[in-house]
Structures are given as structure tokens and as C-alpha cells.
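Visitor: Dropping in structure-v9.cif, which is mmCIF, C-alpha atoms and all ligand atoms:
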data_upload
#
loop_
_atom_site.label_atom_id
_atom_site.label_comp_id
_atom_site.auth_asym_id
_atom_site.auth_seq_id
_atom_site.Cartn_x
_atom_site.Cartn_y
_atom_site.Cartn_z
CA MET A 1 -13.82 14.32 6.83
CA LYS A 2 -17.00 13.80 4.81
CA THR A 3 -18.55 10.37 4.93
CA ILE A 4 -20.88 8.72 2.53
CA ASP A 5 -23.77 9.44 4.93
CA THR A 6 -23.03 13.15 5.26
CA SER A 7 -22.55 13.76 1.52
CA ASP A 8 -25.06 14.98 -1.02
CA PHE A 9 -24.78 13.05 -4.27
CA SER A 10 -27.82 14.48 -6.04
CA ASN A 11 -27.03 15.11 -9.71
CA LYS A 12 -23.41 14.20 -9.04
CA LYS A 13 -21.28 11.74 -10.95
CA VAL A 14 -19.55 9.61 -8.37
CA LEU A 15 -16.45 7.61 -9.23
CA ILE A 16 -16.31 4.54 -7.00
CA ARG A 17 -13.16 2.41 -6.75
CA VAL A 18 -14.54 -1.04 -6.05
CA ASP A 19 -12.80 -4.39 -5.73
CA PHE A 20 -14.49 -6.60 -8.31
CA ASN A 21 -11.49 -8.90 -8.46
CA VAL A 22 -13.63 -12.05 -8.51
CA ARG A 23 -12.82 -15.49 -9.82
CA LEU A 24 -14.21 -16.46 -13.23
CA ASP A 25 -14.47 -20.02 -14.50
CA GLU A 26 -13.63 -21.13 -18.05
CA GLN A 27 -17.04 -19.93 -19.30
CA PHE A 28 -16.37 -16.53 -17.67
CA GLN A 29 -19.03 -17.19 -15.04
CA ILE A 30 -18.41 -15.67 -11.60
CA THR A 31 -17.60 -18.47 -9.13
CA ASP A 32 -17.76 -16.33 -5.97
CA ASP A 33 -19.48 -12.93 -6.06
CA THR A 34 -18.77 -11.95 -2.42
CA ARG A 35 -16.68 -8.94 -3.41
CA ILE A 36 -19.41 -7.61 -5.71
CA ARG A 37 -22.16 -8.07 -3.14
CA MET A 38 -20.09 -6.36 -0.45
CA ALA A 39 -19.76 -3.25 -2.66
CA LEU A 40 -23.51 -2.96 -3.30
CA PRO A 41 -24.53 -0.83 -0.27
CA THR A 42 -22.20 2.00 -1.31
CA ILE A 43 -23.33 1.93 -4.94
CA GLN A 44 -26.99 1.77 -3.91
CA LYS A 45 -26.56 4.69 -1.52
CA VAL A 46 -25.14 6.88 -4.32
CA LEU A 47 -27.99 5.93 -6.67
CA ALA A 48 -30.70 6.33 -4.03
CA SER A 49 -29.53 9.82 -3.19
CA GLY A 50 -29.79 11.01 -6.78
CA GLY A 51 -26.28 10.42 -8.08
CA SER A 52 -24.89 8.31 -10.89
CA ALA A 53 -22.15 5.75 -10.29
CA ILE A 54 -19.00 5.22 -12.34
CA LEU A 55 -17.41 1.99 -11.15
CA MET A 56 -13.77 1.13 -11.64
CA SER A 57 -11.86 -1.99 -10.62
CA HIS A 58 -9.05 -4.33 -11.47
CA LEU A 59 -9.55 -8.00 -12.29
CA GLY A 60 -6.66 -10.45 -11.97
CA ARG A 61 -3.15 -9.73 -13.16
CA PRO A 62 -3.23 -9.01 -16.89
CA ASP A 63 0.56 -8.73 -17.08
CA ASN A 64 0.62 -8.93 -20.88
CA GLY A 65 -1.91 -6.16 -21.52
CA PRO A 66 -5.62 -6.39 -22.33
CA ALA A 67 -6.98 -9.95 -22.54
CA ASP A 68 -10.55 -11.22 -22.78
CA GLU A 69 -10.16 -13.45 -19.71
CA PHE A 70 -9.52 -10.37 -17.55
CA SER A 71 -12.30 -8.21 -18.99
CA LEU A 72 -14.81 -6.73 -16.56
CA LYS A 73 -17.46 -6.98 -19.28
CA HIS A 74 -18.12 -10.53 -18.01
CA LEU A 75 -19.50 -9.02 -14.80
CA VAL A 76 -22.07 -6.76 -16.44
CA PRO A 77 -25.07 -9.17 -16.54
CA HIS A 78 -24.67 -10.27 -12.91
CA LEU A 79 -24.04 -6.76 -11.64
CA SER A 80 -27.09 -5.46 -13.54
CA LYS A 81 -29.19 -8.16 -11.89
CA LEU A 82 -27.86 -7.43 -8.40
CA LEU A 83 -28.41 -3.68 -8.76
CA ASP A 84 -31.60 -4.01 -10.76
CA VAL A 85 -30.19 -1.40 -13.14
CA GLU A 86 -28.92 -1.96 -16.67
CA VAL A 87 -25.20 -1.36 -16.20
CA LYS A 88 -23.41 0.35 -19.09
CA PHE A 89 -19.87 -0.69 -19.99
CA ALA A 90 -16.95 1.39 -21.28
CA LYS A 91 -14.38 -0.66 -23.24
CA ASP A 92 -11.50 1.36 -21.86
CA CYS A 93 -11.29 3.02 -18.46
CA VAL A 94 -9.76 6.20 -19.88
CA GLY A 95 -10.00 7.91 -23.29
CA LYS A 96 -12.72 9.54 -25.34
CA GLU A 97 -15.31 6.79 -25.13
CA SER A 98 -15.37 6.52 -21.34
CA ALA A 99 -15.31 10.31 -20.98
CA GLY A 100 -18.28 10.57 -23.39
CA MET A 101 -20.24 7.85 -21.62
CA ALA A 102 -19.51 9.34 -18.20
CA SER A 103 -20.61 12.82 -19.26
CA LYS A 104 -23.97 11.51 -20.53
CA LEU A 105 -24.70 9.52 -17.38
CA GLN A 106 -28.03 10.43 -15.75
CA PRO A 107 -28.96 10.17 -12.04
CA GLY A 108 -29.63 6.54 -11.14
CA GLU A 109 -27.44 5.19 -13.96
CA VAL A 110 -24.36 3.03 -13.58
CA LEU A 111 -21.28 2.84 -15.79
CA LEU A 112 -18.64 0.14 -15.32
CA LEU A 113 -15.18 0.89 -16.71
CA GLU A 114 -12.93 -1.78 -18.23
CA ASN A 115 -10.14 -3.31 -16.10
CA LEU A 116 -7.83 -0.59 -14.74
CA ARG A 117 -4.85 -2.93 -14.99
CA PHE A 118 -5.13 -3.03 -18.77
CA HIS A 119 -2.97 0.07 -18.34
CA VAL A 120 0.39 -0.46 -16.64
CA ARG A 121 0.05 3.10 -15.42
CA GLU A 122 -2.48 1.94 -12.82
CA ASN A 123 0.01 -0.08 -10.76
CA MET A 124 2.75 2.49 -11.41
CA GLY A 125 0.61 5.14 -9.72
CA ASP A 126 0.87 7.36 -12.78
CA GLU A 127 -0.41 10.88 -12.12
CA ASP A 128 -1.79 11.62 -15.61
CA PHE A 129 -3.65 8.33 -15.61
CA ALA A 130 -5.10 9.11 -12.18
CA LYS A 131 -6.10 12.56 -13.37
CA SER A 132 -7.88 11.18 -16.46
CA LEU A 133 -9.92 8.94 -14.18
CA ALA A 134 -10.64 11.77 -11.75
CA ASN A 135 -11.86 13.96 -14.61
CA LEU A 136 -14.77 11.58 -15.17
CA ALA A 137 -16.57 12.56 -11.97
CA ASP A 138 -17.48 15.14 -9.32
CA SER A 139 -16.86 12.96 -6.27
CA TYR A 140 -14.70 9.97 -5.40
CA ILE A 141 -15.40 7.06 -3.08
CA ASN A 142 -12.88 4.37 -2.28
CA ASP A 143 -14.49 1.10 -1.29
CA ALA A 144 -11.81 -1.31 -2.51
CA PHE A 145 -10.36 -2.73 0.70
CA GLY A 146 -8.72 -5.68 -1.09
CA VAL A 147 -6.12 -3.38 -2.71
CA ALA A 148 -5.85 -0.73 0.01
CA HIS A 149 -2.28 -1.90 0.78
CA ARG A 150 -1.22 -0.82 -2.72
CA GLY A 151 -0.49 2.78 -3.64
CA HIS A 152 -1.99 2.61 -7.11
CA ALA A 153 -3.32 5.39 -9.36
CA SER A 154 -7.03 4.66 -8.84
CA ASN A 155 -6.98 4.24 -5.07
CA THR A 156 -4.21 6.52 -3.79
CA VAL A 157 -2.80 9.00 -6.32
CA ILE A 158 -6.27 9.93 -7.57
CA THR A 159 -7.30 11.39 -4.21
CA LYS A 160 -5.30 14.55 -4.79
CA TYR A 161 -7.62 15.54 -7.61
CA PHE A 162 -10.64 15.78 -5.31
CA ASN A 163 -11.06 18.27 -2.48
CA ASP A 164 -11.75 17.03 1.05
CA ASP A 165 -15.52 17.36 0.69
CA ASN A 166 -15.56 15.21 -2.41
CA LYS A 167 -13.54 12.17 -1.41
CA MET A 168 -14.45 9.55 1.15
CA PHE A 169 -14.52 5.86 2.02
CA GLY A 170 -17.43 3.63 1.16
CA TYR A 171 -19.36 1.48 3.62
CA LEU A 172 -17.23 -1.59 2.96
CA ILE A 173 -13.89 0.01 3.80
CA ALA A 174 -15.43 1.57 6.91
CA LYS A 175 -16.71 -1.84 8.00
CA GLU A 176 -13.41 -3.59 7.24
CA LEU A 177 -11.43 -1.06 9.29
CA GLU A 178 -13.88 -1.26 12.16
CA ASN A 179 -13.58 -5.05 12.31
CA ALA A 180 -9.79 -5.08 11.98
CA GLU A 181 -9.47 -2.50 14.73
CA LYS A 182 -11.79 -4.45 16.96
CA MET A 183 -9.49 -7.44 16.61
CA MET A 184 -6.24 -5.52 17.05
CA ASN A 185 -7.12 -3.11 19.83
CA ASN A 186 -9.42 -5.08 21.98
CA ILE A 187 -8.00 -8.57 22.38
CA THR A 188 -10.13 -11.09 24.24
CA ARG A 189 -8.23 -14.16 25.31
CA PRO A 190 -7.44 -16.85 24.47
CA PHE A 191 -6.63 -15.32 21.06
CA THR A 192 -5.97 -17.97 18.42
CA VAL A 193 -4.54 -17.25 14.98
CA ILE A 194 -4.98 -19.85 12.26
CA VAL A 195 -2.64 -19.55 9.29
CA GLY A 196 -2.49 -21.76 6.26
CA GLY A 197 -2.20 -21.47 2.51
CA ALA A 198 0.80 -22.13 0.39
CA LYS A 199 3.77 -20.23 1.70
CA ILE A 200 5.17 -18.55 4.78
CA SER A 201 7.11 -16.01 2.73
CA ASP A 202 4.10 -13.67 2.29
CA LYS A 203 3.16 -13.93 5.95
CA ILE A 204 6.45 -13.62 7.85
CA LEU A 205 6.02 -10.00 8.91
CA VAL A 206 2.51 -10.50 10.20
CA LEU A 207 3.51 -13.69 12.01
CA GLU A 208 6.34 -11.86 13.77
CA ARG A 209 3.90 -9.20 14.89
CA LEU A 210 1.24 -11.70 15.95
CA LEU A 211 3.78 -13.34 18.25
CA ASP A 212 3.31 -10.25 20.42
CA GLN A 213 -0.45 -10.67 20.55
CA ALA A 214 -1.65 -14.24 20.11
CA ASP A 215 -1.89 -17.01 22.67
CA HIS A 216 -1.98 -19.79 20.06
CA ILE A 217 -0.91 -19.93 16.42
CA ILE A 218 -2.15 -22.90 14.42
CA PHE A 219 -0.31 -23.76 11.21
CA GLY A 220 -1.91 -25.74 8.38
CA GLY A 221 -1.72 -25.88 4.59
CA GLY A 222 1.53 -25.97 2.66
CA MET A 223 3.25 -23.54 5.01
CA ALA A 224 3.21 -26.02 7.89
CA PHE A 225 5.68 -28.21 6.02
CA THR A 226 8.37 -25.53 6.03
CA PHE A 227 8.15 -25.49 9.83
CA LEU A 228 8.11 -29.28 10.05
CA ARG A 229 11.15 -29.53 7.78
CA ALA A 230 12.89 -26.85 9.84
CA SER A 231 12.31 -29.07 12.90
CA GLY A 232 14.05 -31.95 11.15
CA VAL A 233 10.96 -33.85 9.90
CA ASP A 234 11.25 -35.44 6.44
CA THR A 235 8.12 -34.21 4.65
CA GLY A 236 8.40 -36.15 1.36
CA ASN A 237 7.48 -34.15 -1.71
CA SER A 238 5.33 -31.65 0.23
CA LEU A 239 5.64 -27.94 -0.46
CA VAL A 240 8.64 -26.62 1.47
CA GLU A 241 10.30 -23.23 1.14
CA GLU A 242 13.91 -24.30 1.53
CA ASP A 243 15.06 -20.69 1.61
CA ARG A 244 12.78 -19.93 4.56
CA LEU A 245 13.87 -22.70 6.92
CA ASP A 246 15.93 -20.24 8.98
CA VAL A 247 12.98 -17.86 9.28
CA ALA A 248 10.76 -20.74 10.40
CA LYS A 249 13.33 -21.77 13.03
CA SER A 250 13.65 -18.24 14.29
CA LEU A 251 9.86 -17.81 14.56
CA MET A 252 9.69 -21.02 16.61
CA GLU A 253 12.46 -19.76 18.93
CA THR A 254 10.80 -16.36 19.40
CA ALA A 255 7.46 -18.01 20.15
CA LYS A 256 9.07 -19.84 23.08
CA THR A 257 10.44 -16.63 24.57
CA LYS A 258 7.07 -14.94 24.20
CA ASN A 259 5.04 -17.81 25.56
CA VAL A 260 3.00 -18.23 22.42
CA GLN A 261 1.98 -21.80 21.71
CA LEU A 262 2.57 -22.89 18.12
CA HIS A 263 0.62 -25.88 16.83
CA PHE A 264 1.61 -27.97 13.83
CA PRO A 265 -0.35 -30.78 12.18
CA GLN A 266 0.49 -34.28 13.31
CA ASP A 267 -0.91 -36.05 10.25
CA SER A 268 -1.80 -35.29 6.62
CA VAL A 269 -3.90 -36.42 3.71
CA ILE A 270 -1.30 -37.30 1.09
CA ALA A 271 -1.34 -37.96 -2.66
CA ALA A 272 1.14 -38.06 -5.53
CA ALA A 273 -0.43 -35.01 -7.21
CA VAL A 274 -3.39 -32.64 -7.07
CA GLU A 275 -5.72 -34.44 -9.48
CA ASP A 276 -9.35 -35.47 -9.47
CA ASN A 277 -9.85 -39.13 -8.54
CA ILE A 278 -6.25 -39.54 -7.39
CA GLU A 279 -5.62 -42.08 -4.66
CA THR A 280 -5.18 -40.49 -1.22
CA SER A 281 -4.14 -41.82 2.16
CA ILE A 282 -3.69 -40.53 5.68
CA VAL A 283 -0.30 -40.76 7.34
CA ASP A 284 1.57 -39.34 10.28
CA ASN A 285 3.70 -36.41 9.13
CA THR A 286 6.88 -38.31 10.01
CA GLU A 287 5.94 -40.98 7.48
CA ILE A 288 5.27 -39.16 4.22
CA PRO A 289 6.92 -41.20 1.42
CA PRO A 290 9.44 -39.31 -0.78
CA ASP A 291 7.12 -39.20 -3.83
CA MET A 292 4.03 -38.06 -1.89
CA MET A 293 2.77 -34.61 -0.86
CA GLY A 294 0.74 -33.52 2.14
CA LEU A 295 -2.26 -31.76 0.62
CA ASP A 296 -4.58 -31.42 3.62
CA ILE A 297 -4.25 -31.73 7.38
CA GLY A 298 -5.24 -35.18 8.65
CA PRO A 299 -8.08 -36.05 11.06
CA VAL A 300 -5.89 -36.09 14.19
CA ALA A 301 -4.55 -32.61 13.42
CA ALA A 302 -8.04 -31.36 12.58
CA GLN A 303 -9.35 -32.64 15.92
CA ASN A 304 -6.46 -31.16 17.92
CA PHE A 305 -6.81 -27.80 16.17
CA SER A 306 -10.59 -27.82 16.67
CA ASP A 307 -10.19 -28.29 20.43
CA ILE A 308 -7.95 -25.21 20.66
CA ILE A 309 -10.28 -23.17 18.45
CA LYS A 310 -13.39 -24.10 20.42
CA SER A 311 -11.81 -22.89 23.66
CA SER A 312 -10.77 -19.53 22.11
CA LYS A 313 -12.48 -16.19 22.57
CA GLN A 314 -10.91 -14.42 19.59
CA ILE A 315 -9.98 -16.04 16.27
CA LEU A 316 -8.18 -14.69 13.22
CA TRP A 317 -7.97 -17.02 10.21
CA ASN A 318 -6.04 -16.55 6.98
CA GLY A 319 -5.09 -19.41 4.68
CA THR A 320 -6.70 -22.77 3.98
CA MET A 321 -5.67 -26.02 5.68
CA GLY A 322 -5.29 -27.81 2.34
CA VAL A 323 -5.73 -27.55 -1.42
CA CYS A 324 -9.44 -26.80 -1.10
CA GLU A 325 -9.93 -26.11 -4.78
CA ASN A 326 -10.09 -29.93 -4.97
CA ASP A 327 -12.78 -31.56 -2.82
CA LEU A 328 -10.41 -34.40 -1.92
CA PHE A 329 -8.44 -31.95 0.22
CA ILE A 330 -11.15 -29.76 1.77
CA ASN A 331 -12.01 -31.82 4.88
CA GLY A 332 -9.41 -30.23 7.16
CA THR A 333 -10.62 -26.74 6.27
CA LYS A 334 -14.21 -27.88 6.83
CA THR A 335 -13.46 -29.25 10.30
CA ILE A 336 -11.60 -26.07 11.23
CA GLY A 337 -14.43 -23.96 9.79
CA ASP A 338 -17.00 -25.89 11.84
CA ALA A 339 -14.92 -25.30 14.98
CA VAL A 340 -14.72 -21.56 14.25
CA VAL A 341 -18.50 -21.50 13.81
CA GLU A 342 -19.00 -23.29 17.12
CA ALA A 343 -16.60 -20.95 18.94
CA THR A 344 -18.48 -18.00 17.43
CA LYS A 345 -21.80 -19.41 18.65
CA ASN A 346 -20.24 -19.59 22.10
CA GLY A 347 -19.36 -15.91 22.05
CA ALA A 348 -15.95 -15.76 20.37
CA TYR A 349 -15.18 -12.99 17.88
CA SER A 350 -14.00 -14.55 14.59
CA LEU A 351 -12.55 -12.78 11.58
CA ILE A 352 -11.68 -14.60 8.35
CA GLY A 353 -9.79 -13.04 5.46
CA GLY A 354 -7.96 -13.93 2.26
CA GLY A 355 -9.35 -14.79 -1.16
CA ASP A 356 -8.84 -18.57 -1.02
CA THR A 357 -9.97 -18.91 2.57
CA VAL A 358 -13.12 -16.89 1.93
CA ALA A 359 -13.84 -18.89 -1.24
CA ALA A 360 -13.53 -22.11 0.79
CA ILE A 361 -15.74 -20.75 3.57
CA ASN A 362 -18.37 -19.78 1.01
CA LYS A 363 -18.15 -23.17 -0.68
CA LEU A 364 -18.74 -24.79 2.73
CA GLY A 365 -21.68 -22.46 3.47
CA LEU A 366 -20.14 -21.11 6.69
CA ALA A 367 -19.69 -17.42 5.79
CA ASP A 368 -22.74 -16.11 7.64
CA LYS A 369 -21.93 -18.12 10.76
CA VAL A 370 -18.70 -16.32 11.69
CA SER A 371 -18.35 -12.78 13.06
CA TYR A 372 -16.83 -11.14 9.99
CA VAL A 373 -15.58 -12.23 6.57
CA SER A 374 -13.08 -9.75 5.14
CA THR A 375 -12.70 -9.04 1.43
CA GLY A 376 -9.00 -8.41 2.03
CA GLY A 377 -6.10 -10.82 2.20
CA GLY A 378 -2.90 -8.81 1.78
CA ALA A 379 -4.61 -5.62 3.00
CA LEU A 380 -5.80 -7.28 6.18
CA LEU A 381 -2.40 -8.82 6.89
CA THR A 382 -0.69 -5.47 6.26
CA LEU A 383 -3.00 -3.87 8.83
CA PHE A 384 -2.11 -6.60 11.32
CA GLU A 385 1.57 -5.93 10.63
CA GLY A 386 0.81 -2.56 12.23
CA LYS A 387 1.22 -0.58 9.02
CA VAL A 388 -0.89 2.23 7.62
CA LEU A 389 -2.43 1.31 4.27
CA PRO A 390 -1.55 3.87 1.55
CA ALA A 391 -5.09 4.09 0.19
CA ILE A 392 -6.47 4.70 3.67
CA LYS A 393 -3.87 7.33 4.45
CA ALA A 394 -4.56 9.11 1.15
CA ILE A 395 -8.12 9.93 2.28
CA SER A 396 -7.91 10.10 6.06
CA ASP A 397 -4.59 11.95 6.16
CA PRO A 398 -4.26 13.68 2.78
CA VAL A 399 -0.98 15.23 1.67
CA PRO A 400 -1.58 18.73 0.27
CA ALA A 401 -1.26 18.71 -3.55
P1 LIG B 501 -2.46 -18.30 0.26
O1 LIG B 501 -2.80 -17.43 -0.90
O2 LIG B 501 -1.04 -18.17 0.73
O3 LIG B 501 -3.48 -18.25 1.37
O4 LIG B 501 -2.49 -19.78 -0.32
C1 LIG B 501 -3.67 -20.35 -0.78
C2 LIG B 501 -3.29 -21.56 -1.58
O5 LIG B 501 -2.59 -22.47 -0.77
C3 LIG B 501 -4.48 -22.28 -2.15
O6 LIG B 501 -4.44 -22.18 -3.54
C4 LIG B 501 -4.24 -23.73 -1.71
O7 LIG B 501 -4.45 -24.62 -2.76
C5 LIG B 501 -2.77 -23.74 -1.33
N1 LIG B 501 -2.47 -24.81 -0.37
C6 LIG B 501 -3.09 -25.08 0.78
N2 LIG B 501 -2.55 -26.17 1.35
C7 LIG B 501 -1.57 -26.61 0.54
C8 LIG B 501 -0.66 -27.71 0.59
N3 LIG B 501 -0.66 -28.58 1.60
N4 LIG B 501 0.21 -27.85 -0.43
C9 LIG B 501 0.21 -26.97 -1.45
N5 LIG B 501 -0.62 -25.91 -1.56
C10 LIG B 501 -1.50 -25.73 -0.56
#
Go ahead and render the structure in this file as C-alpha cells.
Ligand code: AMP
Guide:
Amino acid sequence: MKTIDTSDFSNKKVLIRVDFNVRLDEQFQITDDTRIRMALPTIQKVLASGGSAILMSHLGRPDNGPADEFSLKHLVPHLSKLLDVEVKFAKDCVGKESAGMASKLQPGEVLLLENLRFHVRENMGDEDFAKSLANLADSYINDAFGVAHRGHASNTVITKYFNDDNKMFGYLIAKELENAEKMMNNITRPFTVIVGGAKISDKILVLERLLDQADHIIFGGGMAFTFLRASGVDTGNSLVEEDRLDVAKSLMETAKTKNVQLHFPQDSVIAAAVEDNIETSIVDNTEIPPDMMGLDIGPVAAQNFSDIIKSSKQILWNGTMGVCENDLFINGTKTIGDAVVEATKNGAYSLIGGGDTVAAINKLGLADKVSYVSTGGGALLTLFEGKVLPAIKAISDPVPA
């Protein structure tokens, strides 16, 4: 298989599937540009070796068709600055205009296509749509790890329109796979998994699998309350997935048989709602009043979790400990983040993934102090479930057309 380093891009138009699915604020300013920065080495390599780059991505979930708030045009100024090239923009990813702009592209130039998801055919994996995209270029690079668990037109179906010498992974996907494999195939113990975020429903499969590998699993965030409720604790108005109580119980039973230690928060920061300036208090989790919600782990939990983390040699973290979007509920995540940093300094291998967790880690300034920060959430978890990602398979193990 060709790699980006063994390919010749001179005078070639290279279509790069990137993951520019970044968060924008109300003024359409990028709040966290990690995903863009992580894609730069691949784009720069193509440009430096005499090619031109046609970039395509999704942004958010524009379920009702094209909408200004999901337009990739908002990224053009920042991307131009980062690349030090004036990035051109095509108002539609397919059609006459993008084809015309792509055909005129000169070596060293960059064209960004409008949001792929403005066409429902992207998520449907439509062949004609994939072919129209493929027709824009000579070579194809997939560097969008964040969506590699989806078999969409631009990251999976499209590969059949390029021969083996003209399709490859970018540096980011290569790095992501290398780090995930390091964690899965070479476990150093104690191995601690930290899971948080809103719900257990998205993470059940990976949790079941991790019960075969981890020594400790720490639960924080909203998902901890489903486990606490399943153990008979009254958790007030906290987020609980009533229809997952049985799953939570069964995970706790399995953990016992497999000798995996599960850790749940003992206390929480509670409030009546997620609002700025709202009154908060700290209570034991058995004493959350009916009208109050646990919105962050409390200091006792944070301390207990930190002790486990600091004595670990391998750490996987997905999901925040609280509603970090609001600074009132970020302290638990900060304490846990500091513990991961300290464990890393002491030689542990730490991998953090998931959009909200990475945003929190960036906000806290800890990203460069852990071993690896992944741009994937769902993709990373799917890998840890032991599955092959469709977009990875499409290039490394292509099905003949
Ligand atoms: P996930 O995408 O599953 O990792 O969930 C991330 C989301 O979980 C973030 O938006 C957090 O605000 C939310 N979250 C974390 N802790 C809680 C909590 N205690 N109650 C409700 N939502 C939470």
C-alpha cells in the first residue's frame, strides 16, 4: 500500500478527506481548532511536494439541509492563516462550480469544499455522489479519523474510484491507529479506564469489552448516576437512563467475575439547573434532594479517583466528569486531568479521546501534558470494541470494484 511518504504528488490534485468538525460559537468563531491543526501535516506535505489540495469535510449535523451555521466557509480565514495560503472556497462540494474550481487549481493551492453533509447522499454512502467527488482529483487521502467508524460516501465508498497507488491514509489517521494499537495490544498494568459524559447507552459495547482488559474503571459524569440508581441509590433529579438500569447491573456483576474494580463517585456538586451563577452545593450521593442534579463529581470522589489514576501505568479517558461547558462544573474534570498529567510524568501511557473531553482538556491547558489526545470519540471507542472501522478497511483491505 502506498503511503503519503512514498507517493509523488507533483502536479497532482489531491482530494483530502479531513475532519474539520469543529465547534463554532454564535459569531461563527472556532472555539477549539485541534482538529484543523491535526490535519495540517498531511495538507502541508501535499503542497510541499508540488501538489494542490482539495479539502472536504463535514461540520455538525445539518439534518434540515444547508444552513449558514454549518457552513465550512467560516473556517476559511483561520485555515488560510494556519497554512499561510489563501484558501479558496467552493459553495457546493459537487456540481459545476466545484469541478471548475478544482480543475483550475495550481500546485501549492488549496480549495475547501462546502459541508459534505449538505447532501444527504454523503451519509447514505451514495455511489454517484462519491464518484462526483472522486472526479475532482487524481489522488485521495483519508485523514478524517473522527468519522472513520462511519461508512460514508467521502470516506469509504469513494475509495473504489481510485486505484491502489492513488489512495492512502494521511499522517493523522496513521498516528491515531498507532496510538490506539499501542493501548490495545501492549497493556501495561495497572490499566485504568476513565469514562464519563452523559450516557452509558453509547458506551455499553466498549465497556463490556474493556472488562476483559482493564484493572480499574472509573465512572464520572452523568453516566455514573445510572449505575448508582441501579445499585438502589436515590439520585434526585440527576441524569439517569431508566431503560439502562439492567445493563448497568449486569456490567457490575460481570466486573466482579472478571476481577475488575469499578469506582463510582461518592459525592457530587449539585444544582437545580445548568445555569451561570446558579447556587451549587456539595453533597454525598446518597443525599441529593429530589429537585437537584449532580453536575460534577465532588471533591472526595475527585481525590479517590486521582489516587487510582496516579498509581496507574496505562490510562484511557473518554467522557468528562461533569458539565464542563459551564465553569461551575469543571473542577472534577480538572482534578482528574491533573492526576492523568502526573501519572504521565511518572511514566504512564495516557490516551484521551472524545470531542467534549478533548475540548475540556484544551480549555484546562493540559493537552500537551498527556501521551496522546485523539481526534476521535466514536471512532476510538469502536476500535476499542474490537471492530474494524469501515473507512480504514476501505483503504487497507479494498474490495475489488
Ligand atoms: P459524551 O458525549 O457522552 O462524552 O457526553 C459529554 C456530555 O456529557 C457533555 O456535554 C457534558 O456536559 C455531559 N455531562 C457530563 N456530566 C454530566 C452530568 N453529571 N449530568 C449531565 N450531563 C453531563
Visitor: Of the residues A:Asp143, A:Glu287, A:Asp267, A:Asp19, which is the one nearest to Pro299 in chain A, using all atoms listed in the file?
Guide: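 Distance minimum relative to Pro299 in chain A lands on A:Asp267.
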Visitor: Please list as JSON, numbers by chain every residue within 9 Å of Tyr161 in chain A, counting all atoms listed in the file and excluding residues in the same chain fewer than 6 positions away.
Guide: {"A": [130, 131, 134, 135, 401]}
Visitor: Store the residues picked out above in a file with C-alpha atoms, as a compact mmCIF listing (two decimals), in the coordinates of the input.
Guide:
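Saved file part.txt follows:
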# COMPACT_ATOMS: atom_id res chain seq x y z
CA ALA A 130 -5.10 9.11 -12.18
CA LYS A 131 -6.10 12.56 -13.37
CA ALA A 134 -10.64 11.77 -11.75
CA ASN A 135 -11.86 13.96 -14.61
CA ALA A 401 -1.26 18.71 -3.55
Visitor: So which one's closest to Pro290 in chain A, A:Glu241, A:Asp234, A:Glu342, A:Glu114? Using only C-alpha atoms, please.
Guide: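 Closest candidate: A:Asp234.
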Visitor: Which chains and residue numbers are within 9 Å of ligand LIG 501 (chain B), counting all atoms listed in the file, if I want them as an mmCIF file with C-alpha atoms, in the frame of the given file?
Guide:
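That gives us selection-v2.cif:
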data_model
loop_
_atom_site.group_PDB
_atom_site.id
_atom_site.type_symbol
_atom_site.label_atom_id
_atom_site.label_comp_id
_atom_site.auth_asym_id
_atom_site.auth_seq_id
_atom_site.Cartn_x
_atom_site.Cartn_y
_atom_site.Cartn_z
ATOM 1 C CA VAL A 195 -2.640 -19.550 9.290
ATOM 2 C CA GLY A 196 -2.490 -21.760 6.260
ATOM 3 C CA GLY A 197 -2.200 -21.470 2.510
ATOM 4 C CA ALA A 198 0.800 -22.130 0.390
ATOM 5 C CA LYS A 199 3.770 -20.230 1.700
ATOM 6 C CA ILE A 200 5.170 -18.550 4.780
ATOM 7 C CA SER A 201 7.110 -16.010 2.730
ATOM 8 C CA ASP A 202 4.100 -13.670 2.290
ATOM 9 C CA LYS A 203 3.160 -13.930 5.950
ATOM 10 C CA GLY A 220 -1.910 -25.740 8.380
ATOM 11 C CA GLY A 221 -1.720 -25.880 4.590
ATOM 12 C CA GLY A 222 1.530 -25.970 2.660
ATOM 13 C CA MET A 223 3.250 -23.540 5.010
ATOM 14 C CA ALA A 224 3.210 -26.020 7.890
ATOM 15 C CA PHE A 225 5.680 -28.210 6.020
ATOM 16 C CA SER A 238 5.330 -31.650 0.230
ATOM 17 C CA LEU A 239 5.640 -27.940 -0.460
ATOM 18 C CA VAL A 240 8.640 -26.620 1.470
ATOM 19 C CA SER A 268 -1.800 -35.290 6.620
ATOM 20 C CA VAL A 269 -3.900 -36.420 3.710
ATOM 21 C CA ILE A 270 -1.300 -37.300 1.090
ATOM 22 C CA VAL A 274 -3.390 -32.640 -7.070
ATOM 23 C CA MET A 293 2.770 -34.610 -0.860
ATOM 24 C CA GLY A 294 0.740 -33.520 2.140
ATOM 25 C CA LEU A 295 -2.260 -31.760 0.620
ATOM 26 C CA ASP A 296 -4.580 -31.420 3.620
ATOM 27 C CA ILE A 297 -4.250 -31.730 7.380
ATOM 28 C CA ASN A 318 -6.040 -16.550 6.980
ATOM 29 C CA GLY A 319 -5.090 -19.410 4.680
ATOM 30 C CA THR A 320 -6.700 -22.770 3.980
ATOM 31 C CA MET A 321 -5.670 -26.020 5.680
ATOM 32 C CA GLY A 322 -5.290 -27.810 2.340
ATOM 33 C CA VAL A 323 -5.730 -27.550 -1.420
ATOM 34 C CA CYS A 324 -9.440 -26.800 -1.100
ATOM 35 C CA GLU A 325 -9.930 -26.110 -4.780
ATOM 36 C CA ASN A 326 -10.090 -29.930 -4.970
ATOM 37 C CA PHE A 329 -8.440 -31.950 0.220
ATOM 38 C CA GLY A 354 -7.960 -13.930 2.260
ATOM 39 C CA GLY A 355 -9.350 -14.790 -1.160
ATOM 40 C CA ASP A 356 -8.840 -18.570 -1.020
ATOM 41 C CA THR A 357 -9.970 -18.910 2.570
ATOM 42 C CA GLY A 377 -6.100 -10.820 2.200
#
Visitor: Let me make sure I understand: among A:Ala137, A:Ile278, A:Ile43, A:Ile173, which one has the smallest atom-to-atom distance to Leu82 in chain A if we use all atoms listed in the file?
Guide: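 Of all the options, A:Ile43 lies closest to Leu82 in chain A.
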Visitor: Would you please work out which residue, of A:Lys13, A:Arg117, A:Arg189, A:Arg23, is nearest to His74 in chain A when using all atoms listed in the file?
Guide: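 Counting all atoms listed in the file, the residue closest to His74 in chain A is A:Arg23.
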Visitor: Using all atoms listed in the file, find the one residue out of A:Leu262, A:Leu72, A:Met252, A:Val300 that sits nearest to Ile282 in chain A.
Guide: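 Among the listed residues, the smallest separation from Ile282 in chain A belongs to A:Val300.
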Visitor: Calculated over all atoms listed in the file, which of the candidates A:Phe227, A:Phe129, A:Phe219, A:Phe191 has the smallest distance to Ser312 in chain A?
Guide: A:Phe191
